[in-house]
Amino acid sequence: MSASAERKLLDLGLTLPTAPRPLGAYVEAVQTGQLLFLSGALPVHEGVVHYVGRIGNELTVDEGREATRLAVLNALALAREHLGSLDRVIRVVTLRVWLSTGTEFRDHPRVADAGSELLADIFGMERISTRMVAGVSSLPVGASAVVELVLAINT
Amino acid sequence: MSASAERKLLDLGLTLPTAPRPLGAYVEAVQTGQLLFLSGALPVHEGVVHYVGRIGNELTVDEGREATRLAVLNALALAREHLGSLDRVIRVVTLRVWLSTGTEFRDHPRVADAGSELLADIFGMERISTRMVAGVSSLPVGASAVVELVLAINT
Amino acid sequence: MSASAERKLLDLGLTLPTAPRPLGAYVEAVQTGQLLFLSGALPVHEGVVHYVGRIGNELTVDEGREATRLAVLNALALAREHLGSLDRVIRVVTLRVWLSTGTEFRDHPRVADAGSELLADIFGMERISTRMVAGVSSLPVGASAVVELVLAINT
């Protein structure tokens with residue numbers, strides 16, 4: 001049986017940010033059957049986007065990692081708001097990481113790993129996800145990272 | 001109970017375009033269980049791609065909004081062709097909006113909202129979707145916007 | 001009834017590459033219900049990424065097609081590793097193709113078709129997928145193409 005994700009958050013000393021509000025006419029989570037789809041989550045803290053710029057240009061790989069980690073925390077805040085508790089998560093199905101980069105950037109796996117490692121810490125290796133990461137031209141409000149999560153949940 | 005999406009289209013005076021044909025060896029819709037996945041839809045009208053260029057460079061934000069709206073109408077035309085009627089849509093699960101932009105573009109939410117608002121008008125606020133939007137380097141045949149929809153449907 | 005995909009691979013003289021190992025803290029496949037989600041697959045052969053560069057700049061359209069085809073073969077290797085046999089695939093649900101391109105590139109459908117045509121050859125036209133293709137700024141380790149597959153499978 002899987003350990004409690006909520007307990008793991010406490011053990012790690014992590015507090016989820018306030019769940020972000022949508023930036024338009026959409027919702028942050030839609031459940032269909034056993035799948036929970038989440039909107040793209042940004043590296044936001046208290047309503048402010050952090051780590052603005054392109055990773056590999058204005059931002060270092062380590063700053064990109066921090067941005068990705070913060071975006072994942074925001075996605076988990078959305079999930080908890082919808083589910084009541086992260087302990088209802090059976091599996092993280094997909095993690096998609098979209099990074100703002102120039103054309104020469106190569107270190108996507110190292111940046112995305114900051115998100116994957118956080119998910120592994122919270123949900124355990126037995127519940128880690130598939131992954132997709134790519135560098136894009138621009139992201140909403142200048143963010144350097146946006147993450148998309150799909151979760152399998154207890155209904 | 002949800003209002004009829006087909007009735008709403010009529011009330012709004014909207015006519016869906018002819019469903020686009022695939023640009024290659026794929027299909028426009030695949031249903032699996034209660035989910036309907038649609039191929040990326042372009043801002044096409046009568047076989048011609050409109051709003052070619054990058055939003056924020058050759059195109060304004062308002063032109064980007066028109067492109068996104070037209071792409072969503074094309075996606076709905078695909079959905080209706082597959083389903084027979086949009087009244088079988090239980091929920092719009094995800095709307096992904098890919099925009100052709102330069103590196104300085106920031107107004108993705110405003111552009112993507114043209115698609116989200118149209119979906120809210122047709123399906124009602126109780127059926128609106130999650131959302132992901134990003135700016136990419138290039139899109140098929142020079143399009144400024146491509147949208148991907150996933151729908152939950154009555155089987 | 002669908003023809004055997006494994007038999008078709010033999011008939012086509014195709015050998016799948018060794019399934020790639022994850023480049024970080026994620027897994028290559030997650031099954032939930034009847035859906036199998038695969039991580040982004042690169043054009044890798046024997047541990048080496050081929051076709052590095054941007055399609056339309058350093059690489060031709062034909063090289064982009066080869067990259068896409070090789071990436072799809074890697075995705076299928078992942079699927080077979082998870083499933084035991086590709087004969088368990090009921091349907092290819094989505095094929096997403098992310099290409100490294102400059103801003104002027106237009107021939108995405110022709111490049112992505114190399115992947116779609118391969119899937120049609122193996123699984124038959126009755127099991128082909130929806131598709132999404134876009135050009136991005138950069139991809140992991142400099143790859144020119146990454147593909148994401150979602151499959152519907154016999155459980």
# chains A, B, ... in the order shown; residues from 1 in each chain; ligands from 1
>>> interface_residues(of="chain B", to="chain A", cutoff="7 Å", atoms="only C-alpha atoms", output="ChimeraX atom specification")
/B:93,101-109,113,116-117,128-132,134-137
>>> write_last_selection(atoms="C-alpha atoms", output="mmCIF file, in the first residue's frame")
data_model
loop_
_atom_site.group_PDB
_atom_site.id
_atom_site.type_symbol
_atom_site.label_atom_id
_atom_site.label_comp_id
_atom_site.auth_asym_id
_atom_site.auth_seq_id
_atom_site.Cartn_x
_atom_site.Cartn_y
_atom_site.Cartn_z
ATOM 1 C CA VAL B 93 -12.192 18.244 -20.689
ATOM 2 C CA THR B 101 4.625 33.826 -31.315
ATOM 3 C CA GLY B 102 7.977 35.517 -30.956
ATOM 4 C CA THR B 103 9.942 35.240 -27.726
ATOM 5 C CA GLU B 104 8.617 38.434 -26.150
ATOM 6 C CA PHE B 105 4.912 37.575 -26.313
ATOM 7 C CA ARG B 106 3.051 37.607 -22.977
ATOM 8 C CA ASP B 107 -0.689 37.885 -23.703
ATOM 9 C CA HIS B 108 -1.462 34.197 -24.220
ATOM 10 C CA PRO B 109 -4.368 34.196 -21.744
ATOM 11 C CA ASP B 113 -9.773 33.269 -23.907
ATOM 12 C CA SER B 116 -12.603 29.484 -23.931
ATOM 13 C CA GLU B 117 -15.329 32.125 -24.130
ATOM 14 C CA ILE B 128 -15.973 24.507 -19.424
ATOM 15 C CA SER B 129 -12.550 22.922 -19.662
ATOM 16 C CA THR B 130 -9.077 22.982 -18.234
ATOM 17 C CA ARG B 131 -6.622 24.918 -20.372
ATOM 18 C CA MET B 132 -3.045 24.963 -21.521
ATOM 19 C CA ALA B 134 1.947 28.236 -25.015
ATOM 20 C CA GLY B 135 3.759 30.089 -27.794
ATOM 21 C CA VAL B 136 5.621 27.895 -30.270
ATOM 22 C CA SER B 137 8.121 28.532 -33.084
#
>>> atom_distance(atom1="atom CA of C:Arg7", atom2="atom CA of C:Asp121")
11.3 Å
>>> residues_around(residues="stretch 75-92 of chain B", least_positions_apart="5", cutoff="6 Å", atoms="only C-alpha atoms", output="short mmCIF file (atom, residue, chain, number, x, y, z; two decimals) with N, CA and C atoms, in the first residue's frame")
data_model
loop_
_atom_site.label_atom_id
_atom_site.label_comp_id
_atom_site.auth_asym_id
_atom_site.auth_seq_id
_atom_site.Cartn_x
_atom_site.Cartn_y
_atom_site.Cartn_z
N SER B 4 -29.07 22.70 -24.49
CA SER B 4 -28.62 22.09 -25.73
C SER B 4 -27.54 22.95 -26.40
N ALA B 5 -26.39 22.34 -26.69
CA ALA B 5 -25.31 23.05 -27.37
C ALA B 5 -25.71 23.39 -28.81
N LEU B 16 -21.18 26.17 -38.02
CA LEU B 16 -19.86 25.52 -38.00
C LEU B 16 -19.35 25.39 -39.43
N ALA B 19 -16.24 20.37 -41.74
CA ALA B 19 -15.17 19.72 -40.98
C ALA B 19 -13.93 19.55 -41.85
N ALA B 41 -6.70 21.40 -34.57
CA ALA B 41 -7.55 22.08 -35.57
C ALA B 41 -6.98 23.46 -35.85
N ARG B 127 -19.81 23.38 -18.09
CA ARG B 127 -19.09 22.36 -18.87
C ARG B 127 -17.74 22.85 -19.40
N ILE B 128 -17.24 23.99 -18.89
CA ILE B 128 -15.97 24.51 -19.42
C ILE B 128 -14.80 23.65 -18.99
N SER B 129 -13.69 23.84 -19.69
CA SER B 129 -12.55 22.92 -19.66
C SER B 129 -11.39 23.44 -18.83
N LEU B 151 -12.93 15.81 -25.32
CA LEU B 151 -14.31 15.94 -24.85
C LEU B 151 -14.74 14.67 -24.12
N ALA B 152 -15.54 14.83 -23.07
CA ALA B 152 -16.23 13.69 -22.46
C ALA B 152 -17.62 13.63 -23.08
N ILE B 153 -18.01 12.44 -23.52
CA ILE B 153 -19.24 12.32 -24.31
C ILE B 153 -20.15 11.21 -23.81
N ASN B 154 -21.42 11.35 -24.12
CA ASN B 154 -22.38 10.26 -23.93
C ASN B 154 -22.13 9.19 -24.97
#
>>> select_by_dssp(residues="chain B", states="strand (DSSP E or B)", output="PyMOL selection string")
chain B and resi 29-32+35-38+41+44-45+48-49+52+55+59+89-101+130-136+138+143+145-153
>>> residues_around(residues="A:Thr15", least_positions_apart="3", cutoff="12 Å", atoms="only C-alpha atoms", output="mmCIF file with C-alpha atoms, in the first residue's frame")
data_model
loop_
_atom_site.group_PDB
_atom_site.id
_atom_site.type_symbol
_atom_site.label_atom_id
_atom_site.label_comp_id
_atom_site.auth_asym_id
_atom_site.auth_seq_id
_atom_site.Cartn_x
_atom_site.Cartn_y
_atom_site.Cartn_z
ATOM 1 C CA GLU A 6 -0.281 14.334 2.704
ATOM 2 C CA ARG A 7 1.898 12.829 5.460
ATOM 3 C CA LYS A 8 4.890 12.976 3.110
ATOM 4 C CA LEU A 9 4.298 16.687 2.489
ATOM 5 C CA LEU A 10 4.381 17.263 6.246
ATOM 6 C CA ASP A 11 7.523 15.145 6.648
ATOM 7 C CA LEU A 12 9.237 17.141 3.902
ATOM 8 C CA THR A 18 -2.774 28.873 -2.398
ATOM 9 C CA ALA A 19 -4.354 27.244 -5.440
ATOM 10 C CA HIS A 45 3.737 32.438 -5.284
ATOM 11 C CA LEU A 70 7.204 25.798 -7.905
ATOM 12 C CA LEU A 73 3.586 22.707 -6.211
ATOM 13 C CA ASN A 74 0.921 24.940 -7.747
ATOM 14 C CA LEU A 76 -0.640 19.944 -6.586
ATOM 15 C CA ALA A 77 -2.447 22.796 -4.843
ATOM 16 C CA ARG A 80 -5.809 19.096 -3.536
ATOM 17 C CA ILE A 122 5.647 13.042 -2.334
#
>>> atom_distance(atom1="atom CA of B:Gly13", atom2="atom CA of B:Asp62")
20.9 Å
>>> select_by_dssp(residues="stretch 34-139 of chain C", states="alpha helix (DSSP H)", output="ChimeraX atom specification")
/C:61-83,108-123
>>> write_last_selection(atoms="N, CA and C atoms", output="short mmCIF file (atom, residue, chain, number, x, y, z; two decimals), in the first residue's frame")
data_model
loop_
_atom_site.label_atom_id
_atom_site.label_comp_id
_atom_site.auth_asym_id
_atom_site.auth_seq_id
_atom_site.Cartn_x
_atom_site.Cartn_y
_atom_site.Cartn_z
N VAL C 61 13.79 18.30 -44.71
CA VAL C 61 12.49 17.67 -44.41
C VAL C 61 12.64 16.16 -44.38
N ASP C 62 13.41 15.59 -45.31
CA ASP C 62 13.58 14.13 -45.33
C ASP C 62 14.30 13.63 -44.08
N GLU C 63 15.29 14.40 -43.61
CA GLU C 63 15.96 14.00 -42.36
C GLU C 63 14.98 14.12 -41.19
N GLY C 64 14.14 15.14 -41.21
CA GLY C 64 13.10 15.27 -40.18
C GLY C 64 12.14 14.09 -40.20
N ARG C 65 11.83 13.61 -41.40
CA ARG C 65 10.97 12.43 -41.52
C ARG C 65 11.65 11.20 -40.91
N GLU C 66 12.93 11.04 -41.20
CA GLU C 66 13.67 9.90 -40.63
C GLU C 66 13.70 9.98 -39.10
N ALA C 67 13.89 11.21 -38.59
CA ALA C 67 13.93 11.42 -37.13
C ALA C 67 12.59 11.03 -36.51
N THR C 68 11.51 11.47 -37.15
CA THR C 68 10.17 11.19 -36.62
C THR C 68 9.88 9.69 -36.63
N ARG C 69 10.26 9.06 -37.73
CA ARG C 69 10.06 7.61 -37.87
C ARG C 69 10.83 6.85 -36.78
N LEU C 70 12.08 7.25 -36.56
CA LEU C 70 12.90 6.58 -35.54
C LEU C 70 12.32 6.82 -34.14
N ALA C 71 11.82 8.02 -33.90
CA ALA C 71 11.20 8.31 -32.60
C ALA C 71 9.96 7.44 -32.38
N VAL C 72 9.17 7.25 -33.43
CA VAL C 72 7.99 6.39 -33.30
C VAL C 72 8.40 4.94 -33.02
N LEU C 73 9.44 4.47 -33.68
CA LEU C 73 9.92 3.11 -33.40
C LEU C 73 10.34 2.97 -31.94
N ASN C 74 10.97 4.02 -31.39
CA ASN C 74 11.33 3.98 -29.97
C ASN C 74 10.09 3.97 -29.08
N ALA C 75 9.08 4.75 -29.44
CA ALA C 75 7.84 4.73 -28.66
C ALA C 75 7.20 3.34 -28.69
N LEU C 76 7.24 2.70 -29.85
CA LEU C 76 6.66 1.35 -29.95
C LEU C 76 7.48 0.34 -29.15
N ALA C 77 8.78 0.55 -29.09
CA ALA C 77 9.62 -0.33 -28.27
C ALA C 77 9.21 -0.21 -26.80
N LEU C 78 8.92 1.01 -26.36
CA LEU C 78 8.43 1.22 -24.99
C LEU C 78 7.10 0.52 -24.77
N ALA C 79 6.22 0.68 -25.76
CA ALA C 79 4.89 0.07 -25.64
C ALA C 79 5.01 -1.45 -25.55
N ARG C 80 5.86 -2.03 -26.42
CA ARG C 80 5.99 -3.49 -26.38
C ARG C 80 6.60 -3.95 -25.06
N GLU C 81 7.59 -3.19 -24.57
CA GLU C 81 8.20 -3.56 -23.28
C GLU C 81 7.15 -3.60 -22.18
N HIS C 82 6.22 -2.64 -22.21
CA HIS C 82 5.19 -2.60 -21.18
C HIS C 82 4.13 -3.67 -21.40
N LEU C 83 3.75 -3.88 -22.65
CA LEU C 83 2.59 -4.72 -22.95
C LEU C 83 2.94 -6.19 -23.20
N HIS C 108 5.28 20.85 -41.52
CA HIS C 108 5.05 19.92 -40.42
C HIS C 108 4.26 18.68 -40.86
N PRO C 109 3.18 18.86 -41.66
CA PRO C 109 2.41 17.66 -41.99
C PRO C 109 3.25 16.60 -42.71
N ARG C 110 4.12 17.04 -43.61
CA ARG C 110 4.94 16.08 -44.35
C ARG C 110 5.92 15.35 -43.42
N VAL C 111 6.48 16.07 -42.47
CA VAL C 111 7.40 15.43 -41.53
C VAL C 111 6.64 14.46 -40.62
N ALA C 112 5.54 14.94 -40.05
CA ALA C 112 4.78 14.09 -39.11
C ALA C 112 4.21 12.86 -39.81
N ASP C 113 3.93 12.99 -41.10
CA ASP C 113 3.38 11.85 -41.84
C ASP C 113 4.31 10.63 -41.83
N ALA C 114 5.60 10.85 -41.72
CA ALA C 114 6.51 9.70 -41.65
C ALA C 114 6.16 8.83 -40.45
N GLY C 115 5.76 9.47 -39.35
CA GLY C 115 5.33 8.71 -38.17
C GLY C 115 3.95 8.10 -38.38
N SER C 116 3.04 8.89 -38.92
CA SER C 116 1.67 8.39 -39.13
C SER C 116 1.64 7.22 -40.11
N GLU C 117 2.45 7.33 -41.17
CA GLU C 117 2.47 6.27 -42.19
C GLU C 117 3.03 4.97 -41.61
N LEU C 118 4.05 5.11 -40.76
CA LEU C 118 4.61 3.92 -40.12
C LEU C 118 3.56 3.25 -39.24
N LEU C 119 2.83 4.06 -38.48
CA LEU C 119 1.79 3.49 -37.60
C LEU C 119 0.69 2.83 -38.44
N ALA C 120 0.34 3.45 -39.56
CA ALA C 120 -0.68 2.85 -40.44
C ALA C 120 -0.18 1.53 -41.01
N ASP C 121 1.10 1.47 -41.39
CA ASP C 121 1.66 0.23 -41.92
C ASP C 121 1.60 -0.89 -40.89
N ILE C 122 1.86 -0.55 -39.64
CA ILE C 122 1.95 -1.58 -38.59
C ILE C 122 0.57 -1.95 -38.06
N PHE C 123 -0.27 -0.95 -37.80
CA PHE C 123 -1.55 -1.23 -37.12
C PHE C 123 -2.74 -1.25 -38.08
#
>>> atom_distance(atom1="atom CA of B:Ala145", atom2="atom CA of B:Val97")
6.9 Å
